[in-house]
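Student: This structure is in structure tokens; I'll ask about it shortly.
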Amino acid sequence: MPHELPKAYEPGAIENRWAQYWVAEKLFSVKTPAPGDTTPVFTLLLPPPNVTGRLHMGHMLNQTEMDIIMRWHRMRGFLTLWLPGTDHAGIATQMMVERQLASEGIKRRDLGREKFIERTWAWRKQYGGAILDQMKRLGASVDWDREYFTMDDNLSACVREVFVRLYEDGLIYRGKYIVNWCPRCITAISDLETIHEDVAGKLYEIKYPVVGTGEFITVATTRPETMLGDTAVAVNAADERYKHLHGKKVRLPLMNREIPIIVDELAKPEFGTGAVKVTPAHDPNDFEAGLRHDLPQISVMDEVGRMNENAGPYAGHDRFEAREKVLHDLEAQGLLAKVKDYTIPIGKCDRCKTIVEPRLSTQWFVAVNKEPKRGGLSMAQAAADVVRKEYIRFTPENYRAIYLNWMDNIHDWCVSRQLWWGHRIPAWHCAKCGEIIVAREAPAKCGKCGSAELEQDPDVLDTWFSSALLPFTTLGWPEATRDLGAFYPTSLLITGFDILFFWVARMIMMGCHFMAPPHRPEGLSSDARVGTGLRPVQADSESRQHASDEALRESVPYREVYIHALVRDAERQKMSKTKGNVLDPIEVIEKYGTDATRFTLAAMASPGTDIAFNESRTEGYRAFANKIWNAARFMFMNVDRAAEAGAWSLEESAKKPIKRSIGLDGFEPQTLDDRWILSRFNRVAQDVHEALSSYRFHEAAHVIYNFFWGEFCDWYLELIKPRLSAFEGPAKQSAAATCANLVTLFEASLRLLSPIMPFITEEIWQAVYNGKPPLKSIALSVYPQADPAQVDVAAETEMAILQDLIVAVRNIRADLKIEPRQAAPAQIHADAATRAIIEQNAGALQRLANVDKYEFVEESLAKAAGARTTARFDVRVLYERKVDAAAECDRLNKELQRIEKEIGNAQRQLGNEQFLAKAPANVVDGIRKRAQELDTMLEKTRSAMAELGCAK
Ligand SMILES: [Zn+2]
Ligand SMILES: [Zn+2]
């Protein structure tokens, strides 16, 4: 039965079909290993996309890299678990639903919390799966049976459990704090969610009268409305100008309050007037100074950025309106000393671009620098230690220092958000006595006063709080499940730099805290798996340190972190909606296929380098896929013909199971080309292994590309052609062997390429077995591993000579403009060993370089016309062109004029000082190079004319 492979390579149809097949067949579902199973494990947690998400190029890169690594490990025999899920994405989702409600004329607050949350769940049900569907289309080899959502019941229970345990350990507290506040989203946002930018603004100098002196102190501010909440003026101890005012008071203009002049380092003598107003409730630095001097904290704004009752006559005005009014009134009283243009650093809400307001509010915090009550390291300390001790390694390595620097200077983590969508904080406030009860489930009554009037805290937790727990909560924590024992610590995390602190750092803190004793589930069994599981704790003190190191080592959420680069546009610009240069990966996929898109990203993903995504590259890799397709069709056509001629039986080869992963099993080299390709295959397998082991995806892609196209298609297939189609007499034997080798090699090469291009390789691989593959998918087959014994240096050297010779003859023929079909004789000068190699492969030389006959000559050909010289041989092509001399002279003459004109232009430019001064260096360089080329061309044309005897 002949092989069936459609004539044209159409990625769309193939890819959709296999993507669905992989999901339907549950090919990537992983069962919990049985006790005693020692199969090595490789686990990776998918950074959960937001439910609101749509696939962008960054995801596509991330997913491609993850999928390559996972497919590669699976094929290498690892029990490979890739855990997918989505994040509830607090603010993002809430805003999406608010927008939907707004279009119906409904406000969130009018709807009420319960109804709003119902609406959000409904929204999630309808739209939340979109991004995972896109992932399925990409062929991501994740375990769909384990798909989670961060607000699933079991994961929510874990969130409460973690919160309560942290609270019991003294690591959760409530505190007043200056937070970045978005008056539009009505929530605290973290510094990481704030966009910092500099804008043109004004600096206002305001005079404060010093009580009982008739003097004024002038302070400067960019936010004059906050003066209404001032509770001091600070001067520097070293500032001579104000020494006589220490201990005195000023009368706060407009508010008519007396406030002290304090001495504090907040005031810098060299900056402005050297005196600063202190507003503890509206500025983080002032807040700290206020704590140092025990100043009152007067908040003058409400949650939506409107002035409140503490703002006296300005109450009820929006903050920016109030600013104008305050300035107007100060000016009227002669207290506005100066207004200067000034560049102001402002913060904007990452979500809605509203200017954030530093605001004093009561929030929940995780004390990351504090030792837990039960003993042990602070969360930040443990998270720094595991990286210092290299229990977690970063690639590229520079992220290690960035991470450690951040962890060493970390502040407490504000984990409450004033949102409705998310994990509600498991704390209840007693309406009667004010007691706060933190508990896993709603308490019936207050433990202090017995009142049943309890209300749950309205805030929800920062989205990153729950996602920081995923490496262990998705595996069954706090139970000592077999999954947790088998798959934790996970092996690798692949993610972007943008969430290094949001997520990666917090996962490490949480993992090290909850997966080390005393929180690590007791009796967690880890079988005999390499690298997982705690060793039993020894009693003696010497091994106690070792045991605690070991505990720390096994508590990490992952052993390696690979930080991938950014995908930029072809001009290296960041993709952004405003610039309109955002590439939709799905559109690229529809145009060129997933395989070509994946290959582009892999080929450009050198660690630490941003990717300038260029569709022309993708077009090139689609051509690569096409080349493989055509090679497959060529192979099938030939083996089918051989089968028809009785020289080959497909059934025979298809019966051969893929059992060995080292080297190319079943490939029996007969000729130089066989020996050479076998050697190359093993080298390539080794190179790919080394590249993928250190996340050098680009190298793996290039090595495979060059092998498949440059060596397999361009050389090997050409070299074996005659052997494939000769079936008479002894040739029949040779055809059979050649078919067997070809199929074996092609099948193995498909496996080599499969992690990067899973679809086309699956399609062809299945066709190799004519619908009866030994396994359900190429993804379950074995990854080729190099066998050093199959590397054949002699074959590579010999083949290099043959290739050089063929290429040299082709080049000479091109120079002499010999018609492709026209055969020409050649002379070769070489030593005896080289001669022997050439003679043995004379057929290849004649066919691939169109040499009809050749002779070896004793004398060197280095100076002969129409010759090429290499270290191992000289070769000359003998060719007399029968030409119409007059017409050729005419053509050469025109050519000469064109060259001379271009030389004139180039010389003019290179002689123009002004031009040279202004033009970019590479342009000038280009012209110089061109001028050199033109000189050579001029010379060649002149000598050709002289040879023909053209009249000038
Ligand atoms: Zn906002
Ligand atoms: Zn109470």
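Going through the structure tokens in order, the chains are called A, B, and so on, while each chain numbers its residues from 1 and the ligands are numbered from 1 in the order shown.
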Got a sec to check which residues lie within 7 Å of ligand 1, using only C-alpha atoms and all ligand atoms, and send them as a list in words?

Tutor: Cys182, Pro183, Arg184, Cys185, Cys349, Asp350, Arg351, Cys352, Lys353 and Thr354 of chain A

Student: For A:Thr473, please output as an MDAnalysis selection string all residues within 9 Å (counting only C-alpha atoms; exclusion window: fewer than 4 positions along the same chain).

Tutor: chainID A and resid 154:155 158:159 469 477:478 484

Student: Give the alpha helix (DSSP H) residues of stretch 439-496 of chain A, as assigned by DSSP on the backbone, as a ChimeraX atom specification.

Tutor: /A:463-467,470-473,482-487

Student: Tell me which protein, DNA and RNA residues are within 12 Å of A:Gln822, counting only C-alpha atoms, leaving out same-chain ones fewer than 4 positions away, and put them as a PDB file with all heavy atoms, in the first residue's frame.

Tutor:
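And here's around24.pdb as it stands now:
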```
ATOM      1  N   ARG A 813      31.444  26.942 -12.846  1.00  0.00           N
ATOM      2  CA  ARG A 813      30.430  26.894 -13.917  1.00  0.00           C
ATOM      3  C   ARG A 813      29.573  28.155 -13.910  1.00  0.00           C
ATOM      4  O   ARG A 813      29.232  28.689 -14.963  1.00  0.00           O
ATOM      5  CB  ARG A 813      29.549  25.653 -13.747  1.00  0.00           C
ATOM      6  CG  ARG A 813      30.245  24.331 -14.091  1.00  0.00           C
ATOM      7  CD  ARG A 813      29.333  23.149 -13.763  1.00  0.00           C
ATOM      8  NE  ARG A 813      28.052  23.304 -14.454  1.00  0.00           N
ATOM      9  CZ  ARG A 813      27.783  22.762 -15.635  1.00  0.00           C
ATOM     10  NH1 ARG A 813      28.661  21.991 -16.246  1.00  0.00           N
ATOM     11  NH2 ARG A 813      26.616  22.957 -16.211  1.00  0.00           N
ATOM     12  N   ALA A 814      29.252  28.619 -12.731  1.00  0.00           N
ATOM     13  CA  ALA A 814      28.441  29.842 -12.642  1.00  0.00           C
ATOM     14  C   ALA A 814      29.239  31.028 -13.192  1.00  0.00           C
ATOM     15  O   ALA A 814      28.711  31.863 -13.927  1.00  0.00           O
ATOM     16  CB  ALA A 814      28.015  30.093 -11.212  1.00  0.00           C
ATOM     17  N   LEU A 816      31.581  30.944 -15.366  1.00  0.00           N
ATOM     18  CA  LEU A 816      31.737  30.832 -16.818  1.00  0.00           C
ATOM     19  C   LEU A 816      30.387  30.902 -17.528  1.00  0.00           C
ATOM     20  O   LEU A 816      30.319  30.778 -18.745  1.00  0.00           O
ATOM     21  CB  LEU A 816      32.445  29.514 -17.166  1.00  0.00           C
ATOM     22  CG  LEU A 816      33.888  29.368 -16.659  1.00  0.00           C
ATOM     23  CD1 LEU A 816      34.440  27.988 -16.996  1.00  0.00           C
ATOM     24  CD2 LEU A 816      34.778  30.444 -17.272  1.00  0.00           C
ATOM     25  N   LYS A 817      29.361  31.055 -16.729  1.00  0.00           N
ATOM     26  CA  LYS A 817      27.993  31.125 -17.263  1.00  0.00           C
ATOM     27  C   LYS A 817      27.665  29.920 -18.143  1.00  0.00           C
ATOM     28  O   LYS A 817      27.107  30.044 -19.234  1.00  0.00           O
ATOM     29  CB  LYS A 817      27.803  32.426 -18.047  1.00  0.00           C
ATOM     30  CG  LYS A 817      28.014  33.677 -17.190  1.00  0.00           C
ATOM     31  CD  LYS A 817      27.361  34.875 -17.822  1.00  0.00           C
ATOM     32  CE  LYS A 817      27.270  36.048 -16.861  1.00  0.00           C
ATOM     33  NZ  LYS A 817      28.592  36.581 -16.478  1.00  0.00           N
ATOM     34  N   ILE A 818      28.015  28.757 -17.665  1.00  0.00           N
ATOM     35  CA  ILE A 818      27.696  27.534 -18.400  1.00  0.00           C
ATOM     36  C   ILE A 818      26.241  27.178 -18.125  1.00  0.00           C
ATOM     37  O   ILE A 818      25.802  27.184 -16.973  1.00  0.00           O
ATOM     38  CB  ILE A 818      28.616  26.369 -17.966  1.00  0.00           C
ATOM     39  CG1 ILE A 818      30.076  26.774 -18.148  1.00  0.00           C
ATOM     40  CG2 ILE A 818      28.289  25.089 -18.737  1.00  0.00           C
ATOM     41  CD1 ILE A 818      31.087  25.748 -17.672  1.00  0.00           C
ATOM     42  N   GLN A 846      30.151  13.682 -11.057  1.00  0.00           N
ATOM     43  CA  GLN A 846      29.612  13.826 -12.402  1.00  0.00           C
ATOM     44  C   GLN A 846      28.152  14.279 -12.379  1.00  0.00           C
ATOM     45  O   GLN A 846      27.750  15.154 -13.114  1.00  0.00           O
ATOM     46  CB  GLN A 846      29.751  12.495 -13.148  1.00  0.00           C
ATOM     47  CG  GLN A 846      31.219  12.236 -13.492  1.00  0.00           C
ATOM     48  CD  GLN A 846      31.478  10.854 -14.036  1.00  0.00           C
ATOM     49  OE1 GLN A 846      30.758   9.902 -13.716  1.00  0.00           O
ATOM     50  NE2 GLN A 846      32.519  10.729 -14.839  1.00  0.00           N
ATOM     51  N   ARG A 847      27.395  13.708 -11.465  1.00  0.00           N
ATOM     52  CA  ARG A 847      25.957  14.015 -11.420  1.00  0.00           C
ATOM     53  C   ARG A 847      25.676  15.380 -10.804  1.00  0.00           C
ATOM     54  O   ARG A 847      24.933  16.179 -11.339  1.00  0.00           O
ATOM     55  CB  ARG A 847      25.247  12.940 -10.593  1.00  0.00           C
ATOM     56  CG  ARG A 847      24.024  12.391 -11.268  1.00  0.00           C
ATOM     57  CD  ARG A 847      23.587  11.067 -10.659  1.00  0.00           C
ATOM     58  NE  ARG A 847      24.064  10.816  -9.322  1.00  0.00           N
ATOM     59  CZ  ARG A 847      23.551  11.314  -8.215  1.00  0.00           C
ATOM     60  NH1 ARG A 847      22.511  12.104  -8.288  1.00  0.00           N
ATOM     61  NH2 ARG A 847      24.061  11.020  -7.050  1.00  0.00           N
ATOM     62  N   ALA A 849      27.758  17.889 -10.150  1.00  0.00           N
ATOM     63  CA  ALA A 849      28.451  19.073 -10.661  1.00  0.00           C
ATOM     64  C   ALA A 849      28.397  19.112 -12.192  1.00  0.00           C
ATOM     65  O   ALA A 849      29.006  19.974 -12.806  1.00  0.00           O
ATOM     66  CB  ALA A 849      29.901  19.080 -10.184  1.00  0.00           C
ATOM     67  N   ASN A 850      27.657  18.164 -12.757  1.00  0.00           N
ATOM     68  CA  ASN A 850      27.522  18.061 -14.211  1.00  0.00           C
ATOM     69  C   ASN A 850      28.878  18.059 -14.927  1.00  0.00           C
ATOM     70  O   ASN A 850      29.128  18.840 -15.837  1.00  0.00           O
ATOM     71  CB  ASN A 850      26.620  19.181 -14.740  1.00  0.00           C
ATOM     72  CG  ASN A 850      25.912  18.736 -16.014  1.00  0.00           C
ATOM     73  OD1 ASN A 850      26.154  17.621 -16.504  1.00  0.00           O
ATOM     74  ND2 ASN A 850      25.058  19.591 -16.541  1.00  0.00           N
ATOM     75  N   VAL A 851      29.740  17.175 -14.470  1.00  0.00           N
ATOM     76  CA  VAL A 851      31.058  16.991 -15.089  1.00  0.00           C
ATOM     77  C   VAL A 851      30.953  15.750 -15.969  1.00  0.00           C
ATOM     78  O   VAL A 851      30.635  14.670 -15.467  1.00  0.00           O
ATOM     79  CB  VAL A 851      32.127  16.791 -13.991  1.00  0.00           C
ATOM     80  CG1 VAL A 851      33.444  16.328 -14.608  1.00  0.00           C
ATOM     81  CG2 VAL A 851      32.312  18.077 -13.197  1.00  0.00           C
ATOM     82  N   ASP A 852      31.147  15.895 -17.268  1.00  0.00           N
ATOM     83  CA  ASP A 852      30.966  14.703 -18.115  1.00  0.00           C
ATOM     84  C   ASP A 852      32.189  13.785 -18.078  1.00  0.00           C
ATOM     85  O   ASP A 852      32.085  12.583 -18.119  1.00  0.00           O
ATOM     86  CB  ASP A 852      30.554  15.062 -19.548  1.00  0.00           C
ATOM     87  CG  ASP A 852      31.454  16.118 -20.159  1.00  0.00           C
ATOM     88  OD1 ASP A 852      32.440  16.514 -19.492  1.00  0.00           O
ATOM     89  OD2 ASP A 852      31.175  16.550 -21.283  1.00  0.00           O
ATOM     90  N   TYR A 879      36.069  24.780 -20.695  1.00  0.00           N
ATOM     91  CA  TYR A 879      34.839  25.149 -21.390  1.00  0.00           C
ATOM     92  C   TYR A 879      35.126  26.242 -22.401  1.00  0.00           C
ATOM     93  O   TYR A 879      35.702  27.271 -22.083  1.00  0.00           O
ATOM     94  CB  TYR A 879      33.801  25.642 -20.376  1.00  0.00           C
ATOM     95  CG  TYR A 879      32.479  25.967 -21.003  1.00  0.00           C
ATOM     96  CD1 TYR A 879      31.726  24.971 -21.638  1.00  0.00           C
ATOM     97  CD2 TYR A 879      31.969  27.258 -20.965  1.00  0.00           C
ATOM     98  CE1 TYR A 879      30.506  25.267 -22.224  1.00  0.00           C
ATOM     99  CE2 TYR A 879      30.741  27.554 -21.546  1.00  0.00           C
ATOM    100  CZ  TYR A 879      30.011  26.555 -22.180  1.00  0.00           C
ATOM    101  OH  TYR A 879      28.817  26.842 -22.739  1.00  0.00           O
ATOM    102  N   GLU A 880      34.728  25.988 -23.599  1.00  0.00           N
ATOM    103  CA  GLU A 880      34.854  26.983 -24.667  1.00  0.00           C
ATOM    104  C   GLU A 880      33.453  27.433 -24.997  1.00  0.00           C
ATOM    105  O   GLU A 880      32.606  26.638 -25.388  1.00  0.00           O
ATOM    106  CB  GLU A 880      35.470  26.336 -25.914  1.00  0.00           C
ATOM    107  CG  GLU A 880      36.913  25.943 -25.772  1.00  0.00           C
ATOM    108  CD  GLU A 880      37.857  27.098 -26.086  1.00  0.00           C
ATOM    109  OE1 GLU A 880      37.408  28.114 -26.668  1.00  0.00           O
ATOM    110  OE2 GLU A 880      39.043  26.988 -25.719  1.00  0.00           O
ATOM    111  N   ARG A 881      33.219  28.683 -24.839  1.00  0.00           N
ATOM    112  CA  ARG A 881      31.869  29.137 -25.187  1.00  0.00           C
ATOM    113  C   ARG A 881      31.828  29.503 -26.656  1.00  0.00           C
ATOM    114  O   ARG A 881      32.707  30.190 -27.162  1.00  0.00           O
ATOM    115  CB  ARG A 881      31.503  30.352 -24.353  1.00  0.00           C
ATOM    116  CG  ARG A 881      31.140  29.983 -22.938  1.00  0.00           C
ATOM    117  CD  ARG A 881      30.536  31.159 -22.240  1.00  0.00           C
ATOM    118  NE  ARG A 881      29.177  31.363 -22.706  1.00  0.00           N
ATOM    119  CZ  ARG A 881      28.426  32.348 -22.246  1.00  0.00           C
ATOM    120  NH1 ARG A 881      28.892  33.200 -21.381  1.00  0.00           N
ATOM    121  NH2 ARG A 881      27.199  32.486 -22.680  1.00  0.00           N
TER     122      ARG A 881
END
```

Student: Which residues come within 10 Å of A:Thr150, counting only C-alpha atoms, excluding same-chain residues fewer than 5 positions away, as a VMD selection string?

Tutor: chain A and resid 48 50 to 51 85 to 89 155 to 156 159 422 to 423 463 466 to 467 469 to 470 473 to 474

Student: Keeping N, CA, C and O atoms, export the residues of the selection given above as a compact mmCIF listing (two decimals), in the first residue's frame.

Tutor:
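Below you can see selection-v4.txt, which holds the result:
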```txt
# COMPACT_ATOMS: atom_id res chain seq x y z
N PRO A 48 0.04 30.67 35.15
CA PRO A 48 -1.38 30.70 34.75
C PRO A 48 -1.74 32.03 34.10
O PRO A 48 -1.57 33.08 34.70
N ASN A 50 -4.14 35.06 32.88
CA ASN A 50 -5.36 35.63 33.43
C ASN A 50 -6.56 35.09 32.66
O ASN A 50 -6.48 34.93 31.45
N VAL A 51 -7.67 34.86 33.39
CA VAL A 51 -8.87 34.41 32.68
C VAL A 51 -9.31 35.43 31.65
O VAL A 51 -10.02 35.11 30.71
N GLY A 85 -3.52 25.96 34.05
CA GLY A 85 -4.62 26.57 34.78
C GLY A 85 -4.72 28.03 34.44
O GLY A 85 -3.93 28.56 33.67
N THR A 86 -5.72 28.67 35.03
CA THR A 86 -5.87 30.11 34.81
C THR A 86 -5.97 30.82 36.14
O THR A 86 -6.34 30.23 37.16
N ASP A 87 -5.64 32.10 36.11
CA ASP A 87 -5.64 32.93 37.31
C ASP A 87 -6.90 33.80 37.31
O ASP A 87 -7.30 34.32 36.27
N HIS A 88 -7.50 33.97 38.50
CA HIS A 88 -8.75 34.76 38.55
C HIS A 88 -8.51 36.24 38.32
O HIS A 88 -9.42 36.98 38.00
N ALA A 89 -7.25 36.69 38.45
CA ALA A 89 -6.84 38.03 38.05
C ALA A 89 -7.75 39.13 38.60
O ALA A 89 -8.46 39.79 37.85
N LEU A 155 -8.39 25.00 46.00
CA LEU A 155 -7.32 26.00 46.05
C LEU A 155 -7.69 27.15 46.97
O LEU A 155 -6.84 27.72 47.66
N SER A 156 -8.97 27.50 47.00
CA SER A 156 -9.41 28.57 47.91
C SER A 156 -9.23 28.14 49.36
O SER A 156 -8.85 28.95 50.22
N VAL A 159 -5.73 28.66 50.28
CA VAL A 159 -5.43 30.07 50.50
C VAL A 159 -5.79 30.45 51.94
O VAL A 159 -5.00 31.10 52.65
N GLY A 422 -12.13 37.89 44.15
CA GLY A 422 -10.88 37.33 44.64
C GLY A 422 -11.13 36.52 45.90
O GLY A 422 -12.29 36.22 46.25
N HIS A 423 -10.04 36.12 46.55
CA HIS A 423 -10.18 35.36 47.80
C HIS A 423 -10.40 36.34 48.94
O HIS A 423 -9.51 37.11 49.28
N THR A 463 -3.96 39.10 44.10
CA THR A 463 -3.99 37.93 43.23
C THR A 463 -2.73 37.08 43.34
O THR A 463 -2.76 35.86 43.26
N SER A 466 -2.46 34.08 46.02
CA SER A 466 -2.88 32.71 45.71
C SER A 466 -1.98 32.07 44.66
O SER A 466 -1.68 30.88 44.73
N SER A 467 -1.52 32.86 43.69
CA SER A 467 -0.70 32.22 42.66
C SER A 467 0.69 31.86 43.20
O SER A 467 1.36 30.99 42.65
N LEU A 469 1.13 30.23 45.73
CA LEU A 469 1.01 28.92 46.40
C LEU A 469 0.90 27.76 45.43
O LEU A 469 0.98 26.59 45.81
N LEU A 470 0.71 28.08 44.14
CA LEU A 470 0.34 27.04 43.18
C LEU A 470 1.29 25.84 43.10
O LEU A 470 0.81 24.71 42.93
N THR A 473 -0.02 23.86 46.15
CA THR A 473 -1.47 23.66 46.31
C THR A 473 -2.07 22.86 45.16
O THR A 473 -3.03 22.12 45.35
N THR A 474 -1.49 22.98 43.95
CA THR A 474 -2.04 22.21 42.84
C THR A 474 -1.70 20.72 42.96
O THR A 474 -2.20 19.90 42.20
```

Student: Can you measure atom CA of A:Arg319 to atom CA of A:Ala220 for me? One decimal in Å is fine.

Tutor: 18.1 Å

Student: Go through stretch 721-758 of chain A and flag each residue having an atom no more than 8 Å from stretch 633-639 of chain A; for those, report the closest pair of atoms plus their distance in Å to one decimal, using only C-alpha atoms, ordered by chain and rising number, as JSON lines.

Tutor:
```
{"residue": "A:Leu724", "atom": "CA", "partner": "A:Asn638", "partner_atom": "CA", "distance": 6.5}
{"residue": "A:Ser725", "atom": "CA", "partner": "A:Asn638", "partner_atom": "CA", "distance": 7.2}
{"residue": "A:Cys739", "atom": "CA", "partner": "A:Val639", "partner_atom": "CA", "distance": 5.9}
{"residue": "A:Leu742", "atom": "CA", "partner": "A:Met635", "partner_atom": "CA", "distance": 7.5}
{"residue": "A:Val743", "atom": "CA", "partner": "A:Met635", "partner_atom": "CA", "distance": 7.6}
```

Student: Next, write the just-selected residues to a file, as a short mmCIF file (atom, residue, chain, number, x, y, z; two decimals), in the first residue's frame, keeping N, CA, C and O atoms as the atom set.

Tutor:
```cif
data_model
loop_
_atom_site.label_atom_id
_atom_site.label_comp_id
_atom_site.auth_asym_id
_atom_site.auth_seq_id
_atom_site.Cartn_x
_atom_site.Cartn_y
_atom_site.Cartn_z
N LEU A 724 18.49 4.57 -5.24
CA LEU A 724 17.09 4.33 -4.91
C LEU A 724 16.30 3.78 -6.08
O LEU A 724 15.26 3.16 -5.89
N SER A 725 16.78 4.06 -7.29
CA SER A 725 15.92 3.72 -8.42
C SER A 725 16.50 2.65 -9.34
O SER A 725 15.99 2.44 -10.42
N CYS A 739 16.82 2.15 0.88
CA CYS A 739 15.47 2.45 1.37
C CYS A 739 15.41 2.31 2.89
O CYS A 739 14.87 3.18 3.59
N LEU A 742 17.26 5.12 4.52
CA LEU A 742 16.57 6.40 4.34
C LEU A 742 15.39 6.52 5.31
O LEU A 742 15.23 7.53 6.00
N VAL A 743 14.59 5.48 5.38
CA VAL A 743 13.42 5.52 6.26
C VAL A 743 13.86 5.64 7.72
O VAL A 743 13.32 6.43 8.49
#
```

Student: Can you tell me which residues sit at most 12 Å away from ligand 2, counting only C-alpha atoms and all ligand atoms, written as a list in words?

Tutor: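 What falls inside 12 Å of ligand 2 is Trp428, His429, Cys430, Ala431, Lys432, Cys433, Gly434, Glu435, Ile436, Ile437, Pro443, Ala444, Lys445, Cys446, Gly447, Lys448, Cys449, Gly450, Ser451, Ala452, Glu453, Leu454 and Glu455 of chain A.
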
Student: Kindly export the residues of the current selection with N, CA and C atoms, as a compact mmCIF listing (two decimals), in the first residue's frame.

Tutor:
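Output file again35.txt follows:
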```
# COMPACT_ATOMS: atom_id res chain seq x y z
N TRP A 428 -12.78 38.06 60.56
CA TRP A 428 -14.11 38.57 60.91
C TRP A 428 -13.98 39.63 62.00
N HIS A 429 -14.72 40.73 61.82
CA HIS A 429 -14.67 41.83 62.77
C HIS A 429 -15.90 41.76 63.66
N CYS A 430 -15.66 41.84 64.97
CA CYS A 430 -16.78 41.85 65.91
C CYS A 430 -17.32 43.27 66.00
N ALA A 431 -18.61 43.41 65.70
CA ALA A 431 -19.21 44.75 65.69
C ALA A 431 -19.29 45.31 67.09
N LYS A 432 -19.29 44.42 68.08
CA LYS A 432 -19.50 44.88 69.45
C LYS A 432 -18.21 45.32 70.13
N CYS A 433 -17.18 44.46 70.08
CA CYS A 433 -15.97 44.81 70.81
C CYS A 433 -14.78 45.09 69.92
N GLY A 434 -14.97 44.95 68.58
CA GLY A 434 -13.89 45.28 67.67
C GLY A 434 -12.84 44.19 67.50
N GLU A 435 -13.04 43.06 68.16
CA GLU A 435 -12.11 41.95 68.04
C GLU A 435 -12.03 41.47 66.58
N ILE A 436 -10.83 41.08 66.18
CA ILE A 436 -10.68 40.52 64.83
C ILE A 436 -10.32 39.04 64.96
N ILE A 437 -11.14 38.21 64.31
CA ILE A 437 -10.92 36.77 64.41
C ILE A 437 -10.49 36.26 63.04
N PRO A 443 -16.60 32.06 61.98
CA PRO A 443 -16.90 31.71 63.37
C PRO A 443 -18.35 32.07 63.71
N ALA A 444 -18.92 31.35 64.68
CA ALA A 444 -20.31 31.60 65.05
C ALA A 444 -20.43 32.83 65.93
N LYS A 445 -19.43 32.99 66.82
CA LYS A 445 -19.50 34.16 67.70
C LYS A 445 -18.10 34.63 68.09
N CYS A 446 -18.08 35.85 68.61
CA CYS A 446 -16.81 36.46 69.00
C CYS A 446 -16.23 35.74 70.20
N GLY A 447 -14.96 35.36 70.09
CA GLY A 447 -14.32 34.63 71.18
C GLY A 447 -14.10 35.49 72.40
N LYS A 448 -14.13 36.81 72.21
CA LYS A 448 -13.82 37.71 73.33
C LYS A 448 -15.09 38.12 74.07
N CYS A 449 -16.12 38.58 73.33
CA CYS A 449 -17.32 39.08 74.01
C CYS A 449 -18.54 38.21 73.76
N GLY A 450 -18.40 37.21 72.89
CA GLY A 450 -19.52 36.29 72.68
C GLY A 450 -20.56 36.80 71.70
N SER A 451 -20.37 38.00 71.18
CA SER A 451 -21.36 38.54 70.25
C SER A 451 -21.37 37.75 68.95
N ALA A 452 -22.56 37.63 68.37
CA ALA A 452 -22.67 36.93 67.09
C ALA A 452 -22.67 37.93 65.94
N GLU A 453 -22.52 39.20 66.29
CA GLU A 453 -22.52 40.23 65.24
C GLU A 453 -21.14 40.33 64.62
N LEU A 454 -20.87 39.39 63.73
CA LEU A 454 -19.54 39.35 63.11
C LEU A 454 -19.67 39.65 61.63
N GLU A 455 -18.72 40.39 61.15
CA GLU A 455 -18.75 40.68 59.71
C GLU A 455 -17.38 40.37 59.10
```

Student: Contacts of stretch 701-716 of chain A at 10 Å or less, counting only C-alpha atoms, minus same-chain residues fewer than 2 places along, as a PyMOL selection string?

Tutor: chain A and resi 599-605+621+624-625+627-628+630-632+673-674+676-677+680-681+683-685+687-688+691-692+696-699+718-721+742+745-746+749-750+752-753+756-757+803+848
